[in-house]
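Shown below: coords-v2.txt, with compact mmCIF, C-alpha atoms.
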```txt
# COMPACT_ATOMS: atom_id res chain seq x y z
CA MET M 1 -35.94 -15.79 -11.61
CA ILE M 2 -33.05 -16.25 -9.17
CA GLU M 3 -30.13 -13.91 -9.66
CA ASN M 4 -26.70 -15.42 -9.80
CA PRO M 5 -24.35 -13.13 -7.85
CA GLN M 6 -21.28 -14.52 -9.62
CA GLU M 7 -22.77 -13.75 -13.00
CA ASN M 8 -23.56 -10.28 -11.77
CA LEU M 9 -19.94 -9.78 -10.74
CA ASP M 10 -18.79 -11.01 -14.14
CA GLN M 11 -21.07 -8.48 -15.80
CA THR M 12 -19.93 -5.74 -13.46
CA MET M 13 -16.28 -6.44 -14.20
CA LEU M 14 -16.94 -6.38 -17.93
CA ARG M 15 -18.75 -3.07 -17.61
CA PHE M 16 -15.91 -1.78 -15.47
CA LYS M 17 -13.45 -2.64 -18.21
CA THR M 18 -15.65 -0.91 -20.79
CA ALA M 19 -16.04 2.18 -18.60
CA VAL M 20 -12.30 2.49 -17.94
CA GLY M 21 -11.68 2.02 -21.66
CA HIS M 22 -14.09 4.82 -22.59
CA TRP M 23 -12.75 7.09 -19.88
CA SER M 24 -9.13 6.53 -20.90
CA ALA M 25 -9.82 6.91 -24.62
CA ALA M 26 -11.49 10.27 -23.98
CA GLN M 27 -8.33 11.75 -22.47
CA PRO M 28 -5.89 13.75 -24.61
CA GLY M 29 -3.07 11.51 -23.42
CA ALA M 30 -4.64 8.52 -25.15
CA THR M 31 -3.80 9.99 -28.54
CA ALA M 32 -0.51 11.58 -27.54
CA GLY M 33 1.27 8.61 -29.07
CA ARG M 34 0.61 10.12 -32.49
CA HIS M 35 2.92 12.98 -31.56
CA PHE M 36 5.48 10.83 -29.83
CA VAL M 37 8.89 11.31 -31.42
CA LEU M 38 11.91 9.23 -30.66
CA PRO M 39 14.91 11.10 -29.24
CA GLU M 40 17.24 10.71 -32.23
CA LYS M 41 14.53 11.82 -34.61
CA ARG M 42 13.63 15.00 -32.80
CA ARG M 43 13.83 18.02 -35.02
CA PHE M 44 15.62 20.04 -32.38
CA ALA M 45 17.98 17.32 -31.30
CA VAL M 46 20.82 19.76 -31.92
CA LEU M 47 19.75 21.80 -28.87
CA PRO M 48 21.25 19.45 -26.28
CA ARG M 49 24.54 19.58 -28.20
CA ILE M 50 24.48 23.37 -28.12
CA GLY M 51 23.83 23.13 -24.40
CA TRP M 52 26.90 20.97 -23.97
CA ALA M 53 28.99 23.38 -26.02
CA VAL M 54 27.82 26.31 -23.91
CA ALA M 55 28.58 24.40 -20.72
CA VAL M 56 32.10 23.54 -21.88
CA ALA M 57 32.74 27.15 -22.98
CA GLY M 58 31.51 28.40 -19.59
CA LEU M 59 33.78 25.99 -17.79
CA PHE M 60 36.72 27.10 -19.93
CA LEU M 61 36.03 30.77 -19.20
CA ALA M 62 35.70 30.08 -15.49
CA LEU M 63 38.95 28.18 -15.32
CA SER M 64 41.07 30.40 -17.59
CA PRO M 65 41.93 33.06 -14.92
CA LEU M 66 43.02 30.29 -12.58
CA TYR M 67 45.14 28.75 -15.32
CA ARG M 68 46.69 32.13 -16.14
CA ALA M 69 47.51 32.76 -12.48
CA LEU M 70 49.22 29.41 -12.23
CA THR M 71 51.25 29.66 -15.43
CA THR M 72 52.35 33.32 -15.61
CA THR M 73 55.13 34.56 -13.28
CA THR M 74 55.14 37.94 -11.65
CA PRO M 75 58.00 40.44 -12.43
CA GLU M 76 59.51 40.00 -8.97
CA VAL M 77 59.71 36.26 -9.38
CA ALA M 78 61.25 36.63 -12.84
CA ASP M 79 63.86 39.10 -11.49
CA ASN M 80 64.77 36.77 -8.65
CA VAL M 81 65.33 33.92 -11.06
CA LEU M 82 67.57 36.11 -13.21
CA PHE M 83 69.59 37.31 -10.19
CA GLU M 84 70.14 33.73 -9.07
CA GLN M 85 71.42 32.80 -12.52
CA VAL M 86 73.81 35.77 -12.65
CA ASP M 87 74.97 35.10 -9.13
CA ALA M 88 75.70 31.51 -9.92
CA ALA M 89 77.69 32.53 -13.00
CA VAL M 90 79.85 35.32 -11.50
CA SER M 91 80.42 33.93 -8.05
CA GLN M 92 82.47 31.00 -9.24
CA THR M 93 85.89 31.02 -7.52
CA VAL M 94 87.64 29.37 -10.46
CA PRO M 95 87.18 30.76 -13.98
CA GLN M 96 85.80 28.40 -16.59
CA PRO M 97 89.09 27.90 -18.54
CA MET M 98 90.92 26.85 -15.33
CA ARG M 99 88.35 24.32 -14.21
CA PRO M 100 90.29 21.25 -15.48
CA LEU M 101 93.13 22.12 -13.09
CA LEU M 102 90.80 21.53 -10.17
CA ASN M 103 90.80 17.85 -11.03
CA LEU M 104 94.59 17.70 -10.89
CA ILE M 105 94.64 19.30 -7.46
CA ALA M 106 92.13 16.79 -6.27
CA VAL M 107 94.34 13.89 -7.43
CA ASP M 108 97.35 15.38 -5.62
CA GLY M 109 95.31 15.78 -2.49
CA ASN M 110 94.44 12.09 -2.56
CA GLU M 111 98.08 11.10 -2.98
CA GLN M 112 99.09 13.33 -0.07
CA GLU M 113 96.48 11.70 2.11
CA ASN M 114 97.83 8.28 1.23
CA TYR M 115 101.32 9.44 2.04
CA GLU M 116 100.40 10.89 5.42
CA THR M 117 98.95 7.64 6.70
CA PRO M 118 101.93 5.27 6.80
CA THR M 119 101.52 1.88 8.34
CA LYS M 120 103.19 1.36 11.69
CA GLN M 121 105.90 -1.23 11.85
CA MET N 1 -15.32 -16.17 -21.45
CA SER N 2 -15.39 -18.50 -18.49
CA SER N 3 -16.83 -17.75 -15.08
CA LEU N 4 -15.04 -15.80 -12.41
CA ALA N 5 -16.23 -18.31 -9.79
CA ASP N 6 -12.84 -18.64 -8.13
CA GLY N 7 -11.82 -15.18 -9.09
CA ILE N 8 -8.87 -16.32 -11.12
CA THR N 9 -10.26 -18.31 -14.01
CA GLU N 10 -9.19 -17.38 -17.47
CA TYR N 11 -10.56 -14.68 -19.69
CA ALA N 12 -10.06 -15.21 -23.36
CA PRO N 13 -6.88 -13.35 -24.21
CA LEU N 14 -7.19 -10.13 -26.13
CA ALA N 15 -6.79 -10.68 -29.84
CA VAL N 16 -3.62 -8.78 -30.52
CA ALA N 17 -1.41 -9.82 -33.37
CA GLU N 18 2.03 -10.63 -31.99
CA PRO N 19 4.91 -10.66 -34.42
CA ALA N 20 7.75 -13.14 -34.05
CA ALA N 21 10.28 -10.39 -33.45
CA LEU N 22 9.97 -7.04 -31.75
CA GLN N 23 8.43 -4.42 -33.97
CA SER N 24 9.95 -1.03 -34.54
CA THR N 25 9.35 1.47 -31.76
CA GLU N 26 6.99 3.45 -34.00
CA GLU N 27 4.93 0.32 -34.52
CA LEU N 28 4.93 -0.44 -30.79
CA VAL N 29 3.72 3.09 -30.09
CA ARG N 30 1.00 2.83 -32.71
CA VAL N 31 -0.31 -0.53 -31.48
CA TYR N 32 0.17 -0.38 -27.71
CA TRP N 33 0.09 3.27 -26.68
CA LYS N 34 -3.60 3.29 -25.77
CA GLY N 35 -3.34 0.14 -23.66
CA VAL N 36 -0.27 1.29 -21.76
CA PHE N 37 -1.82 4.72 -21.18
CA ARG N 38 -5.08 3.14 -20.00
CA PHE N 39 -3.29 0.92 -17.50
CA LEU N 40 -1.13 3.77 -16.20
CA LEU N 41 -4.07 6.18 -15.97
CA ALA N 42 -6.13 3.65 -14.00
CA SER N 43 -3.09 2.94 -11.81
CA VAL N 44 -1.86 6.43 -10.97
CA ARG N 45 -5.17 8.31 -11.54
CA ASP N 46 -3.39 11.41 -12.74
CA TYR N 47 -3.79 12.55 -16.37
CA ASP N 48 -0.45 14.32 -16.72
CA ALA N 49 1.51 11.67 -14.85
CA ALA N 50 -0.11 8.91 -16.92
CA GLU N 51 0.88 10.60 -20.16
CA THR N 52 4.43 11.27 -18.95
CA LEU N 53 4.83 7.72 -17.69
CA THR N 54 3.52 6.34 -20.98
CA GLN N 55 6.13 8.36 -22.84
CA ASP N 56 8.78 7.11 -20.41
CA CYS N 57 7.59 3.57 -20.96
CA PHE N 58 8.10 3.73 -24.72
CA LEU N 59 11.39 5.57 -24.36
CA LYS N 60 12.66 2.88 -22.02
CA ALA N 61 11.43 0.23 -24.40
CA HIS N 62 13.18 1.97 -27.26
CA HIS N 63 16.48 2.16 -25.38
CA ALA N 64 16.21 -1.42 -24.12
CA ARG N 65 14.91 -2.99 -27.34
CA GLY N 66 18.25 -4.74 -27.80
CA LYS N 67 17.63 -6.67 -24.57
CA PHE N 68 14.24 -7.97 -25.64
CA ARG N 69 14.68 -11.73 -26.15
CA GLY N 70 11.16 -12.60 -27.18
CA GLU N 71 10.52 -14.63 -24.01
CA CYS N 72 7.18 -12.86 -23.67
CA SER N 73 5.02 -10.84 -26.02
CA ALA N 74 5.85 -7.23 -26.75
CA ARG N 75 2.68 -6.22 -24.95
CA THR N 76 3.67 -8.10 -21.79
CA TRP N 77 7.14 -6.60 -22.00
CA LEU N 78 5.72 -3.09 -22.27
CA MET N 79 3.35 -3.76 -19.38
CA GLN N 80 6.31 -4.93 -17.32
CA ILE N 81 7.96 -1.55 -17.88
CA ALA N 82 4.67 0.23 -17.16
CA VAL N 83 4.15 -1.66 -13.89
CA ASN N 84 7.64 -0.68 -12.74
CA LEU N 85 7.04 2.95 -13.70
CA ALA N 86 3.71 3.02 -11.83
CA ARG N 87 5.38 1.52 -8.77
CA ASP N 88 8.22 4.06 -8.86
CA HIS N 89 5.69 6.86 -9.32
CA ALA N 90 3.74 5.67 -6.26
CA ARG N 91 6.94 5.59 -4.21
CA ASN N 92 7.91 9.08 -5.31
CA ARG N 93 4.43 10.29 -4.41
CA ARG N 94 4.78 8.81 -0.96
CA LEU N 95 8.10 10.57 -0.50
CA GLN N 96 6.64 13.86 -1.73
CA PHE N 97 3.73 13.67 0.67
CA TRP N 98 3.33 17.44 0.81
CA ARG N 99 2.32 17.47 -2.85
CA ARG N 100 -0.51 15.03 -2.35
CA THR N 101 -2.99 17.61 -1.35
CA SER N 102 -2.15 19.90 -4.26
CA ARG N 103 -3.71 17.75 -6.95
CA GLU N 104 -6.97 15.83 -6.91
CA ALA N 105 -7.00 12.27 -8.16
CA ALA N 106 -8.50 11.81 -11.62
CA ASP N 107 -11.93 10.25 -11.31
CA ILE N 108 -13.82 8.16 -13.82
CA ASP N 109 -16.55 10.30 -15.39
CA ASP N 110 -20.30 9.81 -15.61
CA HIS N 111 -20.30 9.70 -19.37
CA SER N 112 -18.00 6.65 -19.43
CA LEU N 113 -20.11 4.90 -16.81
CA GLN N 114 -23.26 5.62 -18.80
CA LEU N 115 -21.66 4.28 -21.97
CA ALA N 116 -20.65 1.09 -20.20
CA THR N 117 -24.22 0.47 -19.01
CA ARG N 118 -26.15 1.67 -22.05
CA GLU N 119 -27.62 -1.78 -22.79
CA LEU N 120 -29.52 -1.67 -19.49
CA SER N 121 -32.91 -0.21 -18.81
CA PRO N 122 -32.92 3.21 -17.11
CA GLU N 123 -33.97 1.58 -13.83
CA SER N 124 -31.16 -1.00 -13.84
CA ARG N 125 -28.65 1.49 -15.13
CA THR N 126 -28.62 3.58 -11.97
CA ALA N 127 -27.79 0.56 -9.85
CA ALA N 128 -25.17 -0.66 -12.33
CA VAL N 129 -23.46 2.75 -12.38
CA GLU N 130 -23.35 2.71 -8.59
CA GLU N 131 -21.74 -0.73 -8.71
CA LEU N 132 -19.11 0.53 -11.13
CA ARG N 133 -18.38 3.45 -8.86
CA ALA N 134 -17.97 1.00 -5.99
CA VAL N 135 -15.50 -1.05 -8.05
CA TRP N 136 -13.58 2.11 -8.91
CA ARG N 137 -13.37 3.16 -5.27
CA ALA N 138 -12.45 -0.35 -4.16
CA ALA N 139 -9.64 -0.51 -6.72
CA ALA N 140 -8.25 2.71 -5.28
CA GLY N 141 -8.15 1.11 -1.85
CA LEU N 142 -6.16 -1.91 -2.99
CA SER N 143 -2.49 -2.28 -2.26
CA GLU N 144 -0.16 -1.35 -5.08
CA LYS N 145 0.50 -4.94 -6.16
CA GLN N 146 -3.14 -5.98 -5.83
CA ARG N 147 -4.21 -2.99 -7.92
CA SER N 148 -1.70 -3.76 -10.65
CA VAL N 149 -2.75 -7.39 -10.79
CA PHE N 150 -6.45 -6.45 -10.70
CA LEU N 151 -6.14 -3.90 -13.51
CA LEU N 152 -3.99 -6.14 -15.68
CA ARG N 153 -6.57 -8.87 -15.29
CA PHE N 154 -9.86 -7.05 -15.55
CA VAL N 155 -9.01 -4.00 -17.62
CA GLU N 156 -6.19 -5.29 -19.79
CA ASP N 157 -7.53 -8.86 -20.10
CA MET N 158 -4.17 -10.46 -19.41
CA ASP N 159 -4.00 -14.05 -18.22
CA ILE N 160 -2.23 -15.20 -15.06
CA LEU N 161 1.03 -16.11 -16.78
CA GLU N 162 1.18 -12.78 -18.58
CA ILE N 163 0.50 -10.94 -15.32
CA ALA N 164 3.22 -12.96 -13.59
CA ALA N 165 5.66 -11.98 -16.35
CA ALA N 166 4.60 -8.33 -16.27
CA THR N 167 4.76 -7.96 -12.50
CA GLY N 168 7.71 -10.22 -11.83
CA LEU N 169 5.60 -12.19 -9.34
CA LYS N 170 5.18 -15.94 -9.15
CA GLU N 171 2.01 -17.42 -10.59
CA GLY N 172 0.76 -18.42 -7.16
CA THR N 173 1.43 -14.95 -5.78
CA VAL N 174 -0.51 -13.40 -8.64
CA LYS N 175 -3.46 -15.67 -7.87
CA THR N 176 -3.33 -14.73 -4.21
CA HIS N 177 -3.24 -11.01 -4.97
CA LEU N 178 -6.05 -11.40 -7.45
CA PHE N 179 -8.16 -13.41 -5.06
CA ARG N 180 -7.79 -10.82 -2.29
CA ALA N 181 -8.43 -7.95 -4.69
CA LEU N 182 -11.61 -9.62 -5.92
CA GLN N 183 -12.79 -10.28 -2.39
CA HIS N 184 -12.35 -6.61 -1.62
CA VAL N 185 -14.14 -5.54 -4.80
CA ARG N 186 -16.94 -8.06 -4.34
CA SER N 187 -17.72 -6.83 -0.86
CA ALA N 188 -17.68 -3.24 -2.15
CA VAL N 189 -20.11 -4.13 -4.93
CA GLN N 190 -22.40 -5.96 -2.51
CA GLY N 191 -22.37 -2.91 -0.30
CA ALA N 192 -23.46 -0.78 -3.23
CA ARG N 193 -26.46 -3.04 -4.07
```
Entire entry expressed as structure tokens:
Amino acid sequence: MIENPQENLDQTMLRFKTAVGHWSAAQPGATAGRHFVLPEKRRFAVLPRIGWAVAVAGLFLALSPLYRALTTTTPEVADNVLFEQVDAAVSQTVPQPMRPLLNLIAVDGNEQENYETPTKQ
Amino acid sequence: MSSLADGITEYAPLAVAEPAALQSTEELVRVYWKGVFRFLLASVRDYDAAETLTQDCFLKAHHARGKFRGECSARTWLMQIAVNLARDHARNRRLQFWRRTSREAADIDDHSLQLATRELSPESRTAAVEELRAVWRAAAGLSEKQRSVFLLRFVEDMDILEIAAATGLKEGTVKTHLFRALQHVRSAVQGAR
């Protein structure tokens, strides 16, 4: 009987498929699908959320000293601001009730200027 | 089943019931897990990686199930994801070349080879097992694309069109890869005889 090499290869490939199938099925990973759980159905799906909360809290704690340093003023700075305010209030040359008179003087000054520049004839 | 004379003739497709619409992810896992794991294990030859990649495959499918338009079967769609994962894994392994020596490749065991040749007489069985070992070694020596095409064809029983859809290759390219892969395997088997 003459052997057909092509038929032999067909048989070999079929056996190869069977062998790979047996080998794969014998591995624990072949049945792992029975324990496969989708992400939203995981029992401990809350853990990632806790992780996020911890991360945000850590970030807040890390940034809070920086925020405090930026927002709070030191006593020297506060004193300087107060001194500037007092200085601005008491160093006015004209008291508050006499301020409207300054406007009148200004008007007179303008008139005087107009008077001092007569046109030449 | 028809002959493999040209290396690319059709196998009868595997009898898998395909629903009109995509099943739930749980149903996909139940029906296709073993097949996807088998393909990935034969591709990457690493037990842990195969299991992890299989999980990734179904997770990706779950997240992308809204994009499934039913243009191919669910099985082909899953295999498409699996092929991409195997390719990415191979690339990562190449980048992490220092890790290659740390783990031995998973090898097909004697028991499986014996089971596959149990119908033969003890005398023929030894030769047949050697041939299967030669096929296994030859498959390892194939290029990444040739190996994917070869395994999808001869282990997963997919036809040319399904392989083209799963690999993203043109039909003619699939045939070329398959032809070259078979040439390589055939010469390995002849060397083992």
Just the number, please: distance in Å from CA of Arg34 (chain M) to CA of Val36 (chain N), one decimal.
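Distance reported for this atom pair: 13.9 Å.
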By how many Å are CA of Asn103 (chain M) and CA of Phe83 (chain M) apart?
28.8 Å
Selected residue of minimal separation from Arg45 (chain N) among M:Val81, M:Met98, M:Ala53, M:Val20, counting all atoms listed in the file:
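Checking each of M:Val81, M:Met98, M:Ala53, M:Val20 against Arg45 (chain N), counting all atoms listed in the file, the winner is M:Val20.
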Top pick for closest residue to chain M, considering N:Asp56, N:Glu144, N:Glu71, N:Glu131 and counting only C-alpha atoms:
N:Glu131
Got a sec to pull out which chain N residues are within 7 Å of chain M, counting only C-alpha atoms, and send them as a list in words?
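The selection requested is Leu4, Ala5, Val29, Arg30, Trp33, Lys34, Phe37, Arg38, Glu51, Ile108, Asp109, Ser112, Leu113, Leu115, Ala116, Thr117, Leu132, Phe154 and Val155 of chain N.
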List the spatial neighbours of Val174 (chain N) as a ChimeraX atom specification - criterion: any atom at most 12 Å away, only C-alpha atoms, same-chain residues fewer than 3 positions off excluded.
/N:7-8,145-150,152-153,158-171,177-181
Calculate how many Å separate CA of Val83 (chain N) from CA of Asp46 (chain N), rounding to one decimal.
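A separation of 15.1 Å between them.
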Find, counting all atoms listed in the file, the residue in N:Lys175, N:Arg69, N:His184, N:Arg91 that gets nearest to Ala134 (chain N).
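Residue with the minimum atom-to-atom distance to Ala134 (chain N): N:His184.
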